[in-house]
Every structure is written in structure tokens, then in C-alpha cells.
Amino acid sequence: MKFSSSILSTALLVSASCSSAVAFSTHQRTFSMRTTSSSSTTFLSSTTEKEAECSSSSSSDTPAESTIAPEFKAALDQAIAKLKSSIPPEASSALEQPLTHFTSEYFTSLSDAAAAGATNPDGSPITPQQAVKNMLTTLSYGLKYGLGQNKFIFEDVRHFALRGANFHNPEETDARYETEALKEKLGTDVSTDFYAVGCDFFRPSMDLEQSVVLGQDNLKKAREQIAAGENVIFLANHQSEADPQVVSCLFETVGEELGELAAHVTYVAGHKVTTDALAVPFSMGRNLLCIHSKKHIDADPETKPAKSRQNMAAMSGMLRGMKEGGMAIWVAPSGGRDRRNVESGKIPIAPFDQKTVDMFRLMGNKSKVPTHFYPMAMVSYDLCPPPDFVEAGVGEQRNVRFTPIGIAICDEVPNVGGAEKRHLFTEKAEEECIVGYTDLLKGLKMDEYIPEEYSS
């Protein structure tokens, strides 16, 4: 694809020149560190249908000011110029604004990270060259595998992460890399570890020094259960598109073995992560179970039967994995991300759906393998603030902030009780998640996000 290859080829050129570029003035961007944009411009405007058209920002918001450093501004200007010149004229109206917005957001977040003294895992500084390489490489993957004739198709409802032909897995060899179909599909990217690509992209935007991981003893207990061949299901709230990377990067801070566990986790995901062009390369690097949430199944009556069949197939795939044992699953029982209350600015956890929780408990029982349930509270809203209102299609506007994040692994909820008391299990799991979420917000000094009902 001409656009894709030209974007990729400019990465090194811009990276090499941006460090020597001279800029004498700073570029200021005004934004709310804890407020998402009021618009929801689509990546591909023709594919998105809004469920609601209303403002997503409160008139009482007081924006905070962020200044992008001159060297990052110079690199950003060159990257955007190369980006614009590479977009075919027929695609300019659909692609230019969302891609330049996402690029500007990312460069500013890394500029903020560098100004705060954040570093990479090896101790090296965060640089404009790093921003250029990460962004243009990611865009090239999105355009190569998310659009056009070479679009990557998630053919199986259970997708296993593409870690690269040279990735060493002591447990088994990935036979997919021995097939001509995958070799032809990936081409020169056949050795790319898409899991690492996603983590490396988002990690610089995470203020890991100020981040929090609570319930580490519970996390270590869960790892031991998985190592013993038992299953673990994390019942989590969901706040940003980067939540899988949040899990990975925070687990890594606890220890190497927990970092390996993060790579082992299977994420229950909706259709957007496998159809949205920018999400596709990140999804290629994750273990996924693709399931349509109830709200999206009901959105289009014509496609409901096909989506329902796909969900049944996904459940069968998950059950096979659970019968094998040692499976770690992350699922958001709410069916979507937490949304900010535009009037109060508070961010409540979206309610857990009892039928979803019941289904996973049923799968655990059917597997005949001990299955453990741990509520997982997540704070990642500011990293990639979602739109304030649910959108039915793909292609939302991407916002990125440099911010601390947090995870709390709550106490295990015993999988006991009959059908007449099944609501008690869901209520207990949600209550534990709310407690962990509140503790995280307090630990991260984000008390302003705590809903009043959580403080009583």
C-alpha cells in the first residue's frame, strides 16, 4: 500500500533530522488533563454512526495548560508535514484531521513525560526521535493491516498474539509462522513482536513513577494458581483503549514473572478492536476472545443473528481453553468503558452486567478445572480519555495524556452459591472493584474523580 510504505520510510528521515532542528518558540496547547474532547471525529468518517450527538465537555471545566518543548514541536511539525504529503488526495478528508490530531496528542504527551524526567525501562531519556519512530511506525501498521487489500483479518474468534517468527516461547512453537499465508501477509514484518510494539508505544505516556499497583499479594496468588494449571478470571472495570498495555506495563513493575503473566492474559474484546484501523495492530499483539456486547448486538437487528453465532463460537473457544487449564482471562462485565459524568466531572465505574458474570461462572464450572475470580479495579481514564457518550461504530478521536495510572487486584470472590443467589456474587465483585477503584484514586491523588456515592 503506497501510503503505508511511504509513511514508514519517512520515520527514520524525520527522526534523524528532528534532533538538529532549531525552534525558538514554544507551541502551547490548551487542554483539560482530565477532560476528553467534545468532538468525536472519526478515523474513517464513513464507517461511524453516532448513537448520540451531544457535547462531551462540561461548561464548568477549567482547562489546564500544557507546553510542548521546542524540540518536540520541531519533530511534530516535520512528522505532520510528512504525514500530510503521504496521504492520497482521495483519502485526505477522511484521514488528515484524525491522524494529525492523534499525532499531536502523542508528541505532546511524550514532551510532558520528558519534562517530568520520565525515562524508558533501560534508563534512557524519552526523546523526539522516539516519538517519531513510535508514531509513524504505528500509523504504518494501522494503514497496512487496518485498511486496504492487505487488511489483517481476525479469522478465529480466539486470536493468539503475534509475537514474531523469532520470538522464543519455551512452552511451544508458533506453527502459524511456518505457513506461507502468514509469511505473505506480514512480509517484512514477520519478525515483529506486536505485543512489544503496543507496550513500547504507550509506555512513555504512562507516569510509572507515580503509578500504583494495589493487591500485589492477590496478584501473586493468582499467578501461582495459573502456574498450577488452574484458571483465573479478572473481572475489571474498563477505562481506556490502552488498558491491555496498562496491565502489561504495571505488572512489569511488580516483577518479571508478573510481566510474563500479563503477556499470557486473554482479553475479552468487542468488534471495534479488530475492525478499527488504528486498533488493529495493537490487537494483533494480544490474546483475544472477540465477543459482541449486548448493547452492540442490539444496535443493528440485521447483523444480530451473525453476531450471536460469533459469540457462541467464542464461548466454545474459551471453554476449550479453560478445559486445558492455566488460562488467565480479563473481561469487563460492564460491556464497555467507564464514562465521565459531564455535569460533575466524576468517573463512576460502569455497572457489572449480571448475565455476563453468570456466563463466565458457568464456563468455569463447565471446564471442570478450578476457576478463580478476582475483581480488578483500573484507573487509566486520563491516559486515553474516551468519548463521553457511546458510539456504535468504529473510528473515535484519539486523545493521549502523560499521566499516572493504577491497578488494584482485589480479594478473590469464591465461586459458590446457587442460581437463586447468583446476584450476590455479581454485587460482591462490583463492590470489591469499587473499593479498589476508590483506593486507587486516593493513592493517585485523583480524589476529584470519586463519585459522591463511593464516599458514603
# chains A, B, ... in the order shown; residues from 1 in each chain; ligands from 1

$ residues_around --residues "A:Arg176" --least-positions-apart "3" --cutoff "12 Å" --atoms "only C-alpha atoms" --output "ChimeraX atom specification"
/A:159-165,172-173,179-186,190

$ residues_around --residues "A:Gly317" --least-positions-apart "4" --cutoff "10 Å" --atoms "only C-alpha atoms" --output "mmCIF file with C-alpha atoms, in the first residue's frame"
data_model
loop_
_atom_site.group_PDB
_atom_site.id
_atom_site.type_symbol
_atom_site.label_atom_id
_atom_site.label_comp_id
_atom_site.auth_asym_id
_atom_site.auth_seq_id
_atom_site.Cartn_x
_atom_site.Cartn_y
_atom_site.Cartn_z
ATOM 1 C CA ASP A 156 -10.661 -17.079 14.516
ATOM 2 C CA VAL A 157 -12.840 -15.908 17.386
ATOM 3 C CA ARG A 158 -9.929 -16.777 19.648
ATOM 4 C CA HIS A 159 -6.845 -14.911 18.458
ATOM 5 C CA LEU A 289 -11.655 -13.541 22.553
ATOM 6 C CA ASN A 311 -20.455 -15.091 20.342
ATOM 7 C CA MET A 312 -21.413 -18.754 20.652
ATOM 8 C CA ALA A 313 -18.265 -19.732 18.773
ATOM 9 C CA GLY A 321 -9.033 -23.128 26.635
ATOM 10 C CA MET A 322 -10.382 -23.323 30.168
#

$ residues_around --residues "A:Glu324" --least-positions-apart "3" --cutoff "10 Å" --atoms "only C-alpha atoms" --output "ChimeraX atom specification"
/A:229-231,318-321,327,367-369

$ write_last_selection --atoms "C-alpha atoms" --output "short mmCIF file (atom, residue, chain, number, x, y, z; two decimals), in the first residue's frame"
data_model
loop_
_atom_site.label_atom_id
_atom_site.label_comp_id
_atom_site.auth_asym_id
_atom_site.auth_seq_id
_atom_site.Cartn_x
_atom_site.Cartn_y
_atom_site.Cartn_z
CA GLY A 229 -2.95 -25.27 35.82
CA GLU A 230 -5.99 -23.52 37.28
CA ASN A 231 -7.92 -20.71 35.59
CA MET A 318 -12.97 -20.07 25.61
CA LEU A 319 -14.36 -23.25 27.14
CA ARG A 320 -11.79 -25.33 25.26
CA GLY A 321 -9.03 -23.13 26.64
CA MET A 327 -5.90 -19.72 31.38
CA SER A 367 -14.48 -26.59 32.41
CA LYS A 368 -14.14 -28.93 35.41
CA VAL A 369 -10.92 -27.02 36.19
#

$ residues_around --residues "A:Ala228" --least-positions-apart "3" --cutoff "8 Å" --atoms "only C-alpha atoms" --output "list in words"
Glu224, Gln225 and Gly326 of chain A

$ write_last_selection --atoms "N, CA, C and O atoms" --output "PDB file, in the first residue's frame"
ATOM      1  N   GLU A 224       0.268 -17.926  40.862  1.00  0.00           N
ATOM      2  CA  GLU A 224       0.547 -19.286  41.341  1.00  0.00           C
ATOM      3  C   GLU A 224      -0.565 -20.250  40.944  1.00  0.00           C
ATOM      4  O   GLU A 224      -0.309 -21.404  40.581  1.00  0.00           O
ATOM      5  N   GLN A 225      -1.804 -19.775  40.999  1.00  0.00           N
ATOM      6  CA  GLN A 225      -2.933 -20.624  40.606  1.00  0.00           C
ATOM      7  C   GLN A 225      -2.871 -20.952  39.114  1.00  0.00           C
ATOM      8  O   GLN A 225      -3.133 -22.095  38.707  1.00  0.00           O
ATOM      9  N   GLY A 326      -4.917 -23.378  33.176  1.00  0.00           N
ATOM     10  CA  GLY A 326      -3.858 -22.374  33.163  1.00  0.00           C
ATOM     11  C   GLY A 326      -4.194 -21.145  32.350  1.00  0.00           C
ATOM     12  O   GLY A 326      -3.302 -20.447  31.866  1.00  0.00           O
TER      13      GLY A 326
END

$ residues_around --residues "A:Asn134" --least-positions-apart "4" --cutoff "8 Å" --atoms "only C-alpha atoms" --output "PDB file with N, CA and C atoms, in the first residue's frame"
ATOM      1  N   GLN A 130      12.194   9.244  19.481  1.00  0.00           N
ATOM      2  CA  GLN A 130      11.374   8.119  19.928  1.00  0.00           C
ATOM      3  C   GLN A 130       9.911   8.350  19.562  1.00  0.00           C
ATOM      4  N   THR A 138       3.621   3.047  14.060  1.00  0.00           N
ATOM      5  CA  THR A 138       2.264   2.625  14.424  1.00  0.00           C
ATOM      6  C   THR A 138       1.256   2.989  13.339  1.00  0.00           C
ATOM      7  N   ASP A 200       5.525  -0.688  23.919  1.00  0.00           N
ATOM      8  CA  ASP A 200       6.529   0.362  23.691  1.00  0.00           C
ATOM      9  C   ASP A 200       5.883   1.668  23.256  1.00  0.00           C
ATOM     10  N   PHE A 201       4.740   1.570  22.568  1.00  0.00           N
ATOM     11  CA  PHE A 201       4.067   2.789  22.120  1.00  0.00           C
ATOM     12  C   PHE A 201       3.461   3.545  23.297  1.00  0.00           C
TER      13      PHE A 201
END

$ select_by_dssp --residues "stretch 226-395 of chain A" --states "strand (DSSP E)" --output "JSON, numbers by chain"
{"A": [231, 232, 233, 234, 235, 236, 266, 267, 268, 269, 287, 288, 289, 290, 328, 329, 330, 331, 371, 372, 373, 374, 375, 376, 377, 378, 379]}

$ atom_distance --atom1 "atom CA of A:Asp439" --atom2 "atom CA of A:Glu252"
20.9 Å

$ closest_residue --among "A:Leu362, A:Ala269, A:Leu258, A:Met206" --to "A:Thr119" --atoms "only C-alpha atoms"
A:Met206

$ closest_residue --among "A:Glu452, A:Glu343, A:Asp411, A:Asp122" --to "A:Ala222" --atoms "only C-alpha atoms"
A:Asp411

$ residues_around --residues "A:Thr266" --least-positions-apart "3" --cutoff "7 Å" --atoms "only C-alpha atoms" --output "CSV table (one decimal) with C-alpha atoms, in the first residue's frame"
chain,number,residue,atom,x,y,z
A,287,ASN,CA,-4.6,-12.9,23.0
A,288,LEU,CA,-8.2,-12.1,22.3
A,289,LEU,CA,-11.7,-13.5,22.6
A,328,ALA,CA,-5.9,-16.1,32.5
A,329,ILE,CA,-8.9,-14.0,31.2
A,330,TRP,CA,-9.6,-10.3,31.5

$ closest_residue --among "A:Gly117, A:Gly364, A:Pro386, A:Pro89" --to "A:Ala242" --atoms "only C-alpha atoms"
A:Pro386

$ atom_distance --atom1 "atom CA of A:Val268" --atom2 "atom CA of A:Arg337"
12.9 Å

$ closest_residue --among "A:Ser104, A:Ser211, A:Gln216, A:Gln239" --to "A:Asp338" --atoms "only C-alpha atoms"
A:Gln239

$ atom_distance --atom1 "atom CA of A:Lys428" --atom2 "atom CA of A:Lys355"
14.6 Å
